[in-house]
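S.K.: Next up, input28.csv (CSV, N, CA, C and O atoms).
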```
chain,number,residue,atom,x,y,z
H,1,MET,N,15.2,6.2,-3.4
H,1,MET,CA,15.4,5.2,-2.3
H,1,MET,C,14.6,4.0,-2.7
H,1,MET,O,13.4,4.0,-3.1
H,2,LYS,N,15.2,2.8,-2.6
H,2,LYS,CA,14.6,1.6,-2.9
H,2,LYS,C,13.6,1.2,-1.8
H,2,LYS,O,13.8,1.5,-0.6
H,3,THR,N,12.5,0.6,-2.2
H,3,THR,CA,11.5,0.1,-1.2
H,3,THR,C,11.5,-1.4,-1.0
H,3,THR,O,10.9,-1.9,0.0
H,4,GLY,N,12.2,-2.1,-1.9
H,4,GLY,CA,12.2,-3.6,-1.8
H,4,GLY,C,10.9,-4.2,-2.4
H,4,GLY,O,10.8,-5.4,-2.4
H,5,LEU,N,10.1,-3.3,-3.0
H,5,LEU,CA,8.9,-3.8,-3.7
H,5,LEU,C,9.1,-3.8,-5.2
H,5,LEU,O,9.9,-3.0,-5.7
H,6,PHE,N,8.3,-4.6,-5.9
H,6,PHE,CA,8.4,-4.7,-7.4
H,6,PHE,C,7.0,-4.7,-8.0
H,6,PHE,O,6.1,-5.3,-7.4
H,7,ASP,N,6.9,-4.1,-9.1
H,7,ASP,CA,5.6,-4.0,-9.8
H,7,ASP,C,5.3,-5.3,-10.6
H,7,ASP,O,6.1,-6.2,-10.6
H,8,LYS,N,4.2,-5.3,-11.4
H,8,LYS,CA,3.8,-6.4,-12.1
H,8,LYS,C,4.8,-6.8,-13.2
H,8,LYS,O,4.8,-7.9,-13.7
H,9,ASN,N,5.7,-5.9,-13.6
H,9,ASN,CA,6.7,-6.1,-14.6
H,9,ASN,C,8.1,-6.4,-14.0
H,9,ASN,O,9.1,-6.4,-14.7
H,10,GLU,N,8.1,-6.6,-12.6
H,10,GLU,CA,9.3,-6.9,-11.9
H,10,GLU,C,10.2,-5.7,-11.8
H,10,GLU,O,11.4,-5.8,-11.6
H,11,THR,N,9.7,-4.5,-12.1
H,11,THR,CA,10.4,-3.2,-12.0
H,11,THR,C,10.5,-2.8,-10.5
H,11,THR,O,9.4,-2.8,-9.9
H,12,PRO,N,11.7,-2.5,-10.0
H,12,PRO,CA,11.7,-2.0,-8.6
H,12,PRO,C,10.9,-0.8,-8.4
H,12,PRO,O,11.0,0.1,-9.3
H,13,ILE,N,10.2,-0.7,-7.4
H,13,ILE,CA,9.4,0.5,-7.0
H,13,ILE,C,10.3,1.3,-6.0
H,13,ILE,O,10.7,0.8,-5.0
H,14,LYS,N,10.4,2.6,-6.4
H,14,LYS,CA,11.3,3.5,-5.5
H,14,LYS,C,10.4,4.6,-5.0
H,14,LYS,O,9.4,5.0,-5.5
H,15,VAL,N,10.8,5.1,-3.8
H,15,VAL,CA,10.2,6.3,-3.2
H,15,VAL,C,10.2,7.4,-4.3
H,15,VAL,O,11.3,7.7,-4.9
H,16,GLY,N,9.1,8.1,-4.5
H,16,GLY,CA,9.1,9.2,-5.5
H,16,GLY,C,8.5,8.7,-6.8
H,16,GLY,O,8.1,9.5,-7.7
H,17,ASP,N,8.3,7.4,-7.0
H,17,ASP,CA,7.7,6.9,-8.2
H,17,ASP,C,6.2,7.1,-8.2
H,17,ASP,O,5.6,7.4,-7.1
H,18,ARG,N,5.6,7.1,-9.3
H,18,ARG,CA,4.1,7.1,-9.5
H,18,ARG,C,3.7,5.7,-10.0
H,18,ARG,O,4.4,5.3,-11.0
H,19,THR,N,2.7,5.1,-9.4
H,19,THR,CA,2.3,3.8,-9.9
H,19,THR,C,0.8,3.8,-10.3
H,19,THR,O,0.1,4.7,-9.9
H,20,ARG,N,0.4,2.9,-11.1
H,20,ARG,CA,-1.0,2.8,-11.5
H,20,ARG,C,-1.5,1.4,-11.2
H,20,ARG,O,-0.8,0.4,-11.4
H,21,LEU,N,-2.7,1.3,-10.6
H,21,LEU,CA,-3.3,0.1,-10.3
H,21,LEU,C,-4.7,0.0,-11.0
H,21,LEU,O,-5.5,1.0,-10.9
H,22,VAL,N,-5.0,-1.0,-11.8
H,22,VAL,CA,-6.3,-1.2,-12.4
H,22,VAL,C,-6.9,-2.3,-11.6
H,22,VAL,O,-6.5,-3.4,-11.5
H,23,SER,N,-8.1,-2.0,-10.9
H,23,SER,CA,-8.8,-2.9,-10.1
H,23,SER,C,-9.5,-3.9,-11.0
H,23,SER,O,-9.7,-3.8,-12.2
H,24,ASP,N,-10.0,-5.0,-10.3
H,24,ASP,CA,-10.7,-6.0,-11.0
H,24,ASP,C,-12.0,-5.5,-11.7
H,24,ASP,O,-12.4,-6.0,-12.8
H,25,ASP,N,-12.6,-4.4,-11.2
H,25,ASP,CA,-13.8,-3.8,-11.8
H,25,ASP,C,-13.4,-2.7,-12.9
H,25,ASP,O,-14.3,-2.1,-13.4
H,26,GLY,N,-12.1,-2.6,-13.1
H,26,GLY,CA,-11.7,-1.6,-14.2
H,26,GLY,C,-11.3,-0.2,-13.7
H,26,GLY,O,-10.9,0.6,-14.5
H,27,GLU,N,-11.6,0.0,-12.4
H,27,GLU,CA,-11.2,1.4,-11.9
H,27,GLU,C,-9.7,1.5,-11.9
H,27,GLU,O,-8.9,0.6,-11.6
H,28,VAL,N,-9.2,2.7,-12.3
H,28,VAL,CA,-7.8,3.0,-12.4
H,28,VAL,C,-7.5,4.0,-11.3
H,28,VAL,O,-8.1,5.1,-11.2
H,29,ARG,N,-6.4,3.7,-10.5
H,29,ARG,CA,-5.9,4.6,-9.5
H,29,ARG,C,-4.4,4.8,-9.7
H,29,ARG,O,-3.7,3.8,-10.0
H,30,GLU,N,-4.0,6.0,-9.5
H,30,GLU,CA,-2.6,6.3,-9.6
H,30,GLU,C,-2.1,6.8,-8.2
H,30,GLU,O,-2.8,7.6,-7.5
H,31,PHE,N,-0.9,6.3,-7.8
H,31,PHE,CA,-0.4,6.5,-6.4
H,31,PHE,C,1.0,7.2,-6.5
H,31,PHE,O,1.8,6.8,-7.4
H,32,ASP,N,1.3,8.0,-5.5
H,32,ASP,CA,2.6,8.5,-5.3
H,32,ASP,C,3.2,7.7,-4.2
H,32,ASP,O,2.6,7.4,-3.2
H,33,VAL,N,4.4,7.1,-4.5
H,33,VAL,CA,5.1,6.3,-3.5
H,33,VAL,C,5.9,7.1,-2.5
H,33,VAL,O,6.8,7.9,-2.9
H,34,CYS,N,5.6,7.0,-1.2
H,34,CYS,CA,6.2,7.8,-0.2
H,34,CYS,C,6.6,6.9,1.0
H,34,CYS,O,6.2,5.8,1.1
H,35,VAL,N,7.4,7.5,1.9
H,35,VAL,CA,7.7,6.9,3.2
H,35,VAL,C,7.2,7.9,4.2
H,35,VAL,O,7.5,9.0,4.2
H,36,LYS,N,6.3,7.4,5.1
H,36,LYS,CA,5.7,8.2,6.1
H,36,LYS,C,5.4,7.4,7.4
H,36,LYS,O,5.4,6.2,7.3
H,37,THR,N,5.1,8.2,8.4
H,37,THR,CA,4.6,7.6,9.6
H,37,THR,C,3.1,7.8,9.7
H,37,THR,O,2.7,9.0,9.6
H,38,VAL,N,2.3,6.8,9.7
H,38,VAL,CA,0.9,6.9,9.7
H,38,VAL,C,0.3,6.3,11.0
H,38,VAL,O,0.7,5.3,11.4
H,39,ASN,N,-0.7,7.1,11.5
H,39,ASN,CA,-1.4,6.6,12.7
H,39,ASN,C,-2.6,5.8,12.3
H,39,ASN,O,-3.4,6.2,11.5
H,40,ARG,N,-2.7,4.6,13.0
H,40,ARG,CA,-3.9,3.7,12.7
H,40,ARG,C,-4.4,3.1,14.0
H,40,ARG,O,-3.7,3.1,15.0
H,41,VAL,N,-5.6,2.6,13.9
H,41,VAL,CA,-6.1,1.8,15.0
H,41,VAL,C,-6.1,0.3,14.4
H,41,VAL,O,-6.7,0.1,13.4
H,42,VAL,N,-5.5,-0.6,15.2
H,42,VAL,CA,-5.5,-2.0,14.7
H,42,VAL,C,-6.1,-2.9,15.8
H,42,VAL,O,-6.1,-2.6,16.9
H,43,LYS,N,-6.5,-4.0,15.3
H,43,LYS,CA,-7.1,-5.0,16.1
H,43,LYS,C,-6.0,-5.8,16.9
H,43,LYS,O,-5.0,-6.1,16.3
H,44,CYS,N,-6.2,-5.9,18.2
H,44,CYS,CA,-5.2,-6.6,19.0
H,44,CYS,C,-5.3,-8.1,19.0
H,44,CYS,O,-6.3,-8.7,18.5
H,45,HIS,N,-4.3,-8.8,19.4
H,45,HIS,CA,-4.2,-10.2,19.5
H,45,HIS,C,-5.4,-10.6,20.5
H,45,HIS,O,-5.7,-10.0,21.5
H,46,PRO,N,-6.1,-11.7,20.2
H,46,PRO,CA,-7.2,-12.2,21.0
H,46,PRO,C,-6.9,-12.4,22.5
H,46,PRO,O,-7.7,-12.3,23.3
H,47,ASP,N,-5.6,-12.7,22.8
H,47,ASP,CA,-5.2,-12.9,24.2
H,47,ASP,C,-5.0,-11.6,25.0
H,47,ASP,O,-4.9,-11.6,26.2
H,48,PHE,N,-5.0,-10.5,24.3
H,48,PHE,CA,-4.8,-9.2,25.0
H,48,PHE,C,-6.1,-8.7,25.6
H,48,PHE,O,-7.2,-9.0,25.1
H,49,ASP,N,-6.0,-7.8,26.6
H,49,ASP,CA,-7.2,-7.3,27.3
H,49,ASP,C,-7.9,-6.3,26.4
H,49,ASP,O,-9.2,-6.4,26.3
H,50,ASP,N,-7.2,-5.5,25.7
H,50,ASP,CA,-7.9,-4.5,24.8
H,50,ASP,C,-8.2,-5.1,23.4
H,50,ASP,O,-7.4,-5.9,22.9
H,51,LYS,N,-9.3,-4.7,22.8
H,51,LYS,CA,-9.6,-5.2,21.5
H,51,LYS,C,-8.8,-4.5,20.4
H,51,LYS,O,-8.6,-5.1,19.3
H,52,TYR,N,-8.6,-3.2,20.6
H,52,TYR,CA,-7.9,-2.4,19.6
H,52,TYR,C,-6.8,-1.5,20.3
H,52,TYR,O,-6.9,-1.2,21.4
H,53,ALA,N,-5.8,-1.1,19.5
H,53,ALA,CA,-4.8,-0.2,19.9
H,53,ALA,C,-4.4,0.8,18.9
H,53,ALA,O,-4.5,0.5,17.7
H,54,LYS,N,-4.0,2.0,19.3
H,54,LYS,CA,-3.5,3.0,18.4
H,54,LYS,C,-2.0,2.7,18.2
H,54,LYS,O,-1.3,2.5,19.1
H,55,VAL,N,-1.6,2.8,16.9
H,55,VAL,CA,-0.2,2.5,16.6
H,55,VAL,C,0.2,3.6,15.6
H,55,VAL,O,-0.6,4.2,14.9
H,56,ALA,N,1.6,3.8,15.5
H,56,ALA,CA,2.2,4.6,14.5
H,56,ALA,C,3.1,3.7,13.7
H,56,ALA,O,4.0,3.1,14.2
H,57,ILE,N,2.8,3.6,12.4
H,57,ILE,CA,3.5,2.7,11.5
H,57,ILE,C,4.3,3.5,10.5
H,57,ILE,O,3.8,4.4,9.8
H,58,THR,N,5.6,3.3,10.5
H,58,THR,CA,6.5,4.0,9.5
H,58,THR,C,6.8,3.0,8.4
H,58,THR,O,7.3,1.9,8.7
H,59,GLY,N,6.6,3.4,7.2
H,59,GLY,CA,6.9,2.5,6.1
H,59,GLY,C,6.5,3.1,4.7
H,59,GLY,O,6.1,4.3,4.7
H,60,VAL,N,6.6,2.3,3.7
H,60,VAL,CA,6.2,2.7,2.4
H,60,VAL,C,4.7,2.8,2.3
H,60,VAL,O,4.0,1.8,2.7
H,61,VAL,N,4.2,3.9,1.9
H,61,VAL,CA,2.7,4.1,1.7
H,61,VAL,C,2.5,4.6,0.2
H,61,VAL,O,3.4,5.1,-0.4
H,62,PHE,N,1.3,4.3,-0.2
H,62,PHE,CA,0.9,4.7,-1.6
H,62,PHE,C,-0.2,5.8,-1.4
H,62,PHE,O,-1.3,5.6,-0.8
H,63,CYS,N,0.2,7.0,-1.7
H,63,CYS,CA,-0.7,8.2,-1.5
H,63,CYS,C,-1.6,8.4,-2.7
H,63,CYS,O,-1.2,8.4,-3.8
H,64,TRP,N,-2.9,8.5,-2.3
H,64,TRP,CA,-4.0,8.6,-3.3
H,64,TRP,C,-5.1,9.4,-2.7
H,64,TRP,O,-5.6,9.1,-1.7
H,65,ASN,N,-5.4,10.5,-3.4
H,65,ASN,CA,-6.6,11.4,-3.1
H,65,ASN,C,-6.6,11.8,-1.6
H,65,ASN,O,-7.6,11.8,-0.9
H,66,GLY,N,-5.4,12.1,-1.0
H,66,GLY,CA,-5.3,12.5,0.4
H,66,GLY,C,-5.2,11.3,1.4
H,66,GLY,O,-5.2,11.5,2.6
H,67,TYR,N,-5.2,10.1,0.9
H,67,TYR,CA,-5.1,8.9,1.8
H,67,TYR,C,-3.7,8.4,1.7
H,67,TYR,O,-3.1,8.4,0.6
H,68,ASP,N,-3.2,7.9,2.8
H,68,ASP,CA,-1.9,7.2,2.9
H,68,ASP,C,-2.2,5.7,3.1
H,68,ASP,O,-2.6,5.3,4.2
H,69,LEU,N,-2.1,4.9,2.0
H,69,LEU,CA,-2.5,3.5,2.0
H,69,LEU,C,-1.4,2.5,2.0
H,69,LEU,O,-0.4,2.7,1.4
H,70,PHE,N,-1.5,1.5,2.8
H,70,PHE,CA,-0.6,0.4,2.9
H,70,PHE,C,-1.0,-0.6,1.9
H,70,PHE,O,-2.2,-0.8,1.6
H,71,PRO,N,-0.1,-1.4,1.3
H,71,PRO,CA,-0.5,-2.4,0.4
H,71,PRO,C,-1.5,-3.5,1.0
H,71,PRO,O,-1.2,-3.9,2.2
H,72,CYS,N,-2.5,-3.9,0.3
H,72,CYS,CA,-3.4,-4.9,0.8
H,72,CYS,C,-3.1,-6.2,0.0
H,72,CYS,O,-2.5,-6.2,-1.0
H,73,VAL,N,-3.6,-7.3,0.6
H,73,VAL,CA,-3.5,-8.6,-0.1
H,73,VAL,C,-4.9,-9.1,-0.3
H,73,VAL,O,-5.8,-8.9,0.5
H,74,ASP,N,-5.1,-9.8,-1.4
H,74,ASP,CA,-6.4,-10.4,-1.7
H,74,ASP,C,-6.6,-11.7,-0.9
H,74,ASP,O,-5.7,-12.2,-0.2
H,75,GLU,N,-7.7,-12.4,-1.2
H,75,GLU,CA,-8.0,-13.7,-0.5
H,75,GLU,C,-7.0,-14.8,-0.8
H,75,GLU,O,-6.9,-15.8,-0.1
H,76,ASN,N,-6.2,-14.6,-1.9
H,76,ASN,CA,-5.2,-15.6,-2.3
H,76,ASN,C,-3.8,-15.2,-1.8
H,76,ASN,O,-2.8,-15.8,-2.1
H,77,GLY,N,-3.7,-14.1,-1.0
H,77,GLY,CA,-2.4,-13.6,-0.5
H,77,GLY,C,-1.6,-12.8,-1.5
H,77,GLY,O,-0.4,-12.6,-1.3
H,78,ILE,N,-2.2,-12.4,-2.6
H,78,ILE,CA,-1.5,-11.6,-3.6
H,78,ILE,C,-1.6,-10.1,-3.3
H,78,ILE,O,-2.7,-9.6,-3.1
H,79,SER,N,-0.5,-9.5,-3.2
H,79,SER,CA,-0.4,-8.0,-2.9
H,79,SER,C,-0.8,-7.1,-4.0
H,79,SER,O,-0.6,-7.4,-5.2
H,80,ASP,N,-1.5,-6.0,-3.7
H,80,ASP,CA,-1.8,-5.0,-4.6
H,80,ASP,C,-0.6,-4.5,-5.4
H,80,ASP,O,-0.7,-4.2,-6.6
H,81,VAL,N,0.5,-4.5,-4.7
H,81,VAL,CA,1.8,-4.0,-5.3
H,81,VAL,C,2.1,-4.8,-6.6
H,81,VAL,O,2.5,-4.3,-7.6
H,82,SER,N,1.9,-6.1,-6.5
H,82,SER,CA,2.3,-7.0,-7.7
H,82,SER,C,1.3,-6.8,-8.8
H,82,SER,O,1.6,-7.3,-9.9
H,83,LYS,N,0.3,-6.0,-8.6
H,83,LYS,CA,-0.7,-5.7,-9.7
H,83,LYS,C,-0.5,-4.3,-10.2
H,83,LYS,O,-1.1,-3.9,-11.2
H,84,MET,N,0.4,-3.5,-9.6
H,84,MET,CA,0.7,-2.2,-10.0
H,84,MET,C,1.7,-2.1,-11.1
H,84,MET,O,2.4,-3.1,-11.4
H,85,GLU,N,1.8,-0.9,-11.7
H,85,GLU,CA,2.8,-0.7,-12.7
H,85,GLU,C,3.4,0.7,-12.5
H,85,GLU,O,2.7,1.7,-12.3
H,86,VAL,N,4.8,0.8,-12.5
H,86,VAL,CA,5.5,2.1,-12.3
H,86,VAL,C,5.2,2.8,-13.6
H,86,VAL,O,5.4,2.3,-14.7
H,87,ILE,N,4.7,4.1,-13.5
H,87,ILE,CA,4.4,4.9,-14.7
H,87,ILE,C,5.3,6.1,-14.8
H,87,ILE,O,5.5,6.6,-15.9
H,88,THR,N,5.9,6.6,-13.7
H,88,THR,CA,6.8,7.7,-13.8
H,88,THR,C,7.8,7.5,-12.7
H,88,THR,O,7.6,7.0,-11.6
H,89,ARG,N,9.0,8.0,-13.0
H,89,ARG,CA,10.1,8.0,-12.0
H,89,ARG,C,10.5,9.4,-11.7
H,89,ARG,O,10.4,10.3,-12.4
```
Show me, as structure tokens, the structure contained in the file I just sent.
M.R.:
Amino acid sequence: MKTGLFDKNETPIKVGDRTRLVSDDGEVREFDVCVKTVNRVVKCHPDFDDKYAKVAITGVVFCWNGYDLFPCVDENGISDVSKMEVITR
């Protein structure tokens, strides 16, 4: 199943792939690409009465060491996904 995401080599990332990310400090992490529904607590819009809300988000997640992680972006708006590499299909 296509995710619509591409790795650093512009290779399409598919559900079931395994990807590798090398962080700026040299740490290497490998992820299994999955589609799941994940429960999270998110910060609400400032105009809302509540500060936080519980949500269920369904989407592409990167599974690592028991965690279901969504792609993050750095201070320049660059996604972690664009720094990953597909290593197995």
S.K.: From the list H:Phe48, H:Glu75, H:Arg40, H:Trp64, which residue is nearest Thr19 of chain H when using only C-alpha atoms?
M.R.: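 Closest residue, counting only C-alpha atoms: H:Trp64.
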S.K.: Mind giving me the straight-line distance from atom CA of Val15 of chain H to atom CA of Val38 of chain H in Å, one decimal?
M.R.: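 According to the coordinates, atom CA of Val15 of chain H and atom CA of Val38 of chain H are separated by 15.9 Å.
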S.K.: Using only N, CA, C and O atoms, which of H:Cys34, H:Leu21, H:Val86, H:Cys72 sits nearest Gly59 of chain H?
M.R.: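 Closest to Gly59 of chain H, using only N, CA, C and O atoms: H:Cys34.
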S.K.: When you look at Tyr52 of chain H with a cut-off of 5 Å (counting only N, CA, C and O atoms), what residues show up, excluding the ones that are within fewer than 5 positions of it in the same chain? I need them as a PyMOL selection string.
M.R.: chain H and resi 42-44
S.K.: Pick the closest to Met1 of chain H from H:Ala53, H:Val28, H:Val73, H:Val60: which is it, counting only C-alpha atoms?
M.R.: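 The answer is H:Val60, which sits nearest to Met1 of chain H.
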S.K.: When DSSP works through the backbone of this structure, what residues of chain H end up as strand (DSSP E), shown as an NGL selection string?
M.R.: :H and (2-6 or 12-14 or 18-22 or 28-43 or 52-64 or 67-69 or 84-88)
S.K.: Have a look at H:Ile57, H:Val22, H:Val81, H:Leu69 and name the one nearest to Gly4 of chain H; count only C-alpha atoms.
M.R.: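 Residue with the minimum atom-to-atom distance to Gly4 of chain H: H:Val81.
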S.K.: Would you work out the distance separating atom C of Lys14 of chain H from atom N of Lys2 of chain H, expressed in Å to one decimal?
M.R.: 5.7 Å
S.K.: Add whatever atoms are absent from segment 43-54 of chain H to reach all heavy atoms, and provide the output as an mmCIF file, in the frame of the given file.
M.R.:
```
data_model
loop_
_atom_site.group_PDB
_atom_site.id
_atom_site.type_symbol
_atom_site.label_atom_id
_atom_site.label_comp_id
_atom_site.auth_asym_id
_atom_site.auth_seq_id
_atom_site.Cartn_x
_atom_site.Cartn_y
_atom_site.Cartn_z
ATOM 1 N N LYS H 43 -6.500 -4.000 15.300
ATOM 2 C CA LYS H 43 -7.100 -5.000 16.100
ATOM 3 C C LYS H 43 -6.000 -5.800 16.900
ATOM 4 O O LYS H 43 -5.000 -6.100 16.300
ATOM 5 C CB LYS H 43 -7.910 -6.046 15.302
ATOM 6 C CG LYS H 43 -8.728 -7.014 16.100
ATOM 7 C CD LYS H 43 -9.609 -7.849 15.201
ATOM 8 C CE LYS H 43 -10.465 -8.790 16.012
ATOM 9 N NZ LYS H 43 -11.355 -9.567 15.165
ATOM 10 N N CYS H 44 -6.200 -5.900 18.200
ATOM 11 C CA CYS H 44 -5.200 -6.600 19.000
ATOM 12 C C CYS H 44 -5.300 -8.100 19.000
ATOM 13 O O CYS H 44 -6.300 -8.700 18.500
ATOM 14 C CB CYS H 44 -5.342 -6.168 20.497
ATOM 15 S SG CYS H 44 -4.951 -4.441 20.791
ATOM 16 N N HIS H 45 -4.300 -8.800 19.400
ATOM 17 C CA HIS H 45 -4.200 -10.200 19.500
ATOM 18 C C HIS H 45 -5.400 -10.600 20.500
ATOM 19 O O HIS H 45 -5.700 -10.000 21.500
ATOM 20 C CB HIS H 45 -2.885 -10.657 20.104
ATOM 21 C CG HIS H 45 -2.696 -12.122 20.082
ATOM 22 N ND1 HIS H 45 -3.229 -12.957 21.034
ATOM 23 C CD2 HIS H 45 -2.036 -12.916 19.200
ATOM 24 C CE1 HIS H 45 -2.905 -14.200 20.764
ATOM 25 N NE2 HIS H 45 -2.175 -14.207 19.644
ATOM 26 N N PRO H 46 -6.100 -11.700 20.200
ATOM 27 C CA PRO H 46 -7.200 -12.200 21.000
ATOM 28 C C PRO H 46 -6.900 -12.400 22.500
ATOM 29 O O PRO H 46 -7.700 -12.300 23.300
ATOM 30 C CB PRO H 46 -7.617 -13.517 20.377
ATOM 31 C CG PRO H 46 -7.047 -13.509 19.008
ATOM 32 C CD PRO H 46 -5.840 -12.621 19.040
ATOM 33 N N ASP H 47 -5.600 -12.700 22.800
ATOM 34 C CA ASP H 47 -5.200 -12.900 24.200
ATOM 35 C C ASP H 47 -5.000 -11.600 25.000
ATOM 36 O O ASP H 47 -4.900 -11.600 26.200
ATOM 37 C CB ASP H 47 -3.921 -13.724 24.299
ATOM 38 C CG ASP H 47 -4.128 -15.157 23.857
ATOM 39 O OD1 ASP H 47 -5.288 -15.619 23.792
ATOM 40 O OD2 ASP H 47 -3.121 -15.828 23.561
ATOM 41 N N PHE H 48 -5.000 -10.500 24.300
ATOM 42 C CA PHE H 48 -4.800 -9.200 25.000
ATOM 43 C C PHE H 48 -6.100 -8.700 25.600
ATOM 44 O O PHE H 48 -7.200 -9.000 25.100
ATOM 45 C CB PHE H 48 -4.238 -8.135 23.990
ATOM 46 C CG PHE H 48 -2.839 -8.425 23.487
ATOM 47 C CD1 PHE H 48 -2.245 -7.573 22.580
ATOM 48 C CD2 PHE H 48 -2.121 -9.533 23.897
ATOM 49 C CE1 PHE H 48 -0.969 -7.811 22.109
ATOM 50 C CE2 PHE H 48 -0.845 -9.792 23.432
ATOM 51 C CZ PHE H 48 -0.262 -8.917 22.527
ATOM 52 N N ASP H 49 -6.000 -7.800 26.600
ATOM 53 C CA ASP H 49 -7.200 -7.300 27.300
ATOM 54 C C ASP H 49 -7.900 -6.300 26.400
ATOM 55 O O ASP H 49 -9.200 -6.400 26.300
ATOM 56 C CB ASP H 49 -6.766 -6.534 28.546
ATOM 57 C CG ASP H 49 -6.267 -7.478 29.628
ATOM 58 O OD1 ASP H 49 -6.631 -8.678 29.603
ATOM 59 O OD2 ASP H 49 -5.508 -7.014 30.499
ATOM 60 N N ASP H 50 -7.200 -5.500 25.700
ATOM 61 C CA ASP H 50 -7.900 -4.500 24.800
ATOM 62 C C ASP H 50 -8.200 -5.100 23.400
ATOM 63 O O ASP H 50 -7.400 -5.900 22.900
ATOM 64 C CB ASP H 50 -7.013 -3.249 24.602
ATOM 65 C CG ASP H 50 -6.825 -2.485 25.903
ATOM 66 O OD1 ASP H 50 -7.766 -2.462 26.725
ATOM 67 O OD2 ASP H 50 -5.736 -1.917 26.091
ATOM 68 N N LYS H 51 -9.300 -4.700 22.800
ATOM 69 C CA LYS H 51 -9.600 -5.200 21.500
ATOM 70 C C LYS H 51 -8.800 -4.500 20.400
ATOM 71 O O LYS H 51 -8.600 -5.100 19.300
ATOM 72 C CB LYS H 51 -11.111 -5.131 21.235
ATOM 73 C CG LYS H 51 -11.907 -6.103 22.079
ATOM 74 C CD LYS H 51 -13.368 -6.064 21.701
ATOM 75 C CE LYS H 51 -14.133 -7.077 22.558
ATOM 76 N NZ LYS H 51 -15.511 -7.209 22.138
ATOM 77 N N TYR H 52 -8.600 -3.200 20.600
ATOM 78 C CA TYR H 52 -7.900 -2.400 19.600
ATOM 79 C C TYR H 52 -6.800 -1.500 20.300
ATOM 80 O O TYR H 52 -6.900 -1.200 21.400
ATOM 81 C CB TYR H 52 -8.920 -1.435 18.905
ATOM 82 C CG TYR H 52 -9.968 -2.213 18.157
ATOM 83 C CD1 TYR H 52 -11.180 -2.541 18.760
ATOM 84 C CD2 TYR H 52 -9.744 -2.643 16.860
ATOM 85 C CE1 TYR H 52 -12.139 -3.277 18.084
ATOM 86 C CE2 TYR H 52 -10.699 -3.379 16.176
ATOM 87 C CZ TYR H 52 -11.892 -3.685 16.794
ATOM 88 O OH TYR H 52 -12.833 -4.418 16.125
ATOM 89 N N ALA H 53 -5.800 -1.100 19.500
ATOM 90 C CA ALA H 53 -4.800 -0.200 19.900
ATOM 91 C C ALA H 53 -4.400 0.800 18.900
ATOM 92 O O ALA H 53 -4.500 0.500 17.700
ATOM 93 C CB ALA H 53 -3.516 -1.075 20.244
ATOM 94 N N LYS H 54 -4.000 2.000 19.300
ATOM 95 C CA LYS H 54 -3.500 3.000 18.400
ATOM 96 C C LYS H 54 -2.000 2.700 18.200
ATOM 97 O O LYS H 54 -1.300 2.500 19.100
ATOM 98 C CB LYS H 54 -3.716 4.388 19.036
ATOM 99 C CG LYS H 54 -5.157 4.795 19.151
ATOM 100 C CD LYS H 54 -5.275 6.185 19.758
ATOM 101 C CE LYS H 54 -6.734 6.556 19.945
ATOM 102 N NZ LYS H 54 -6.873 7.886 20.542
#
```
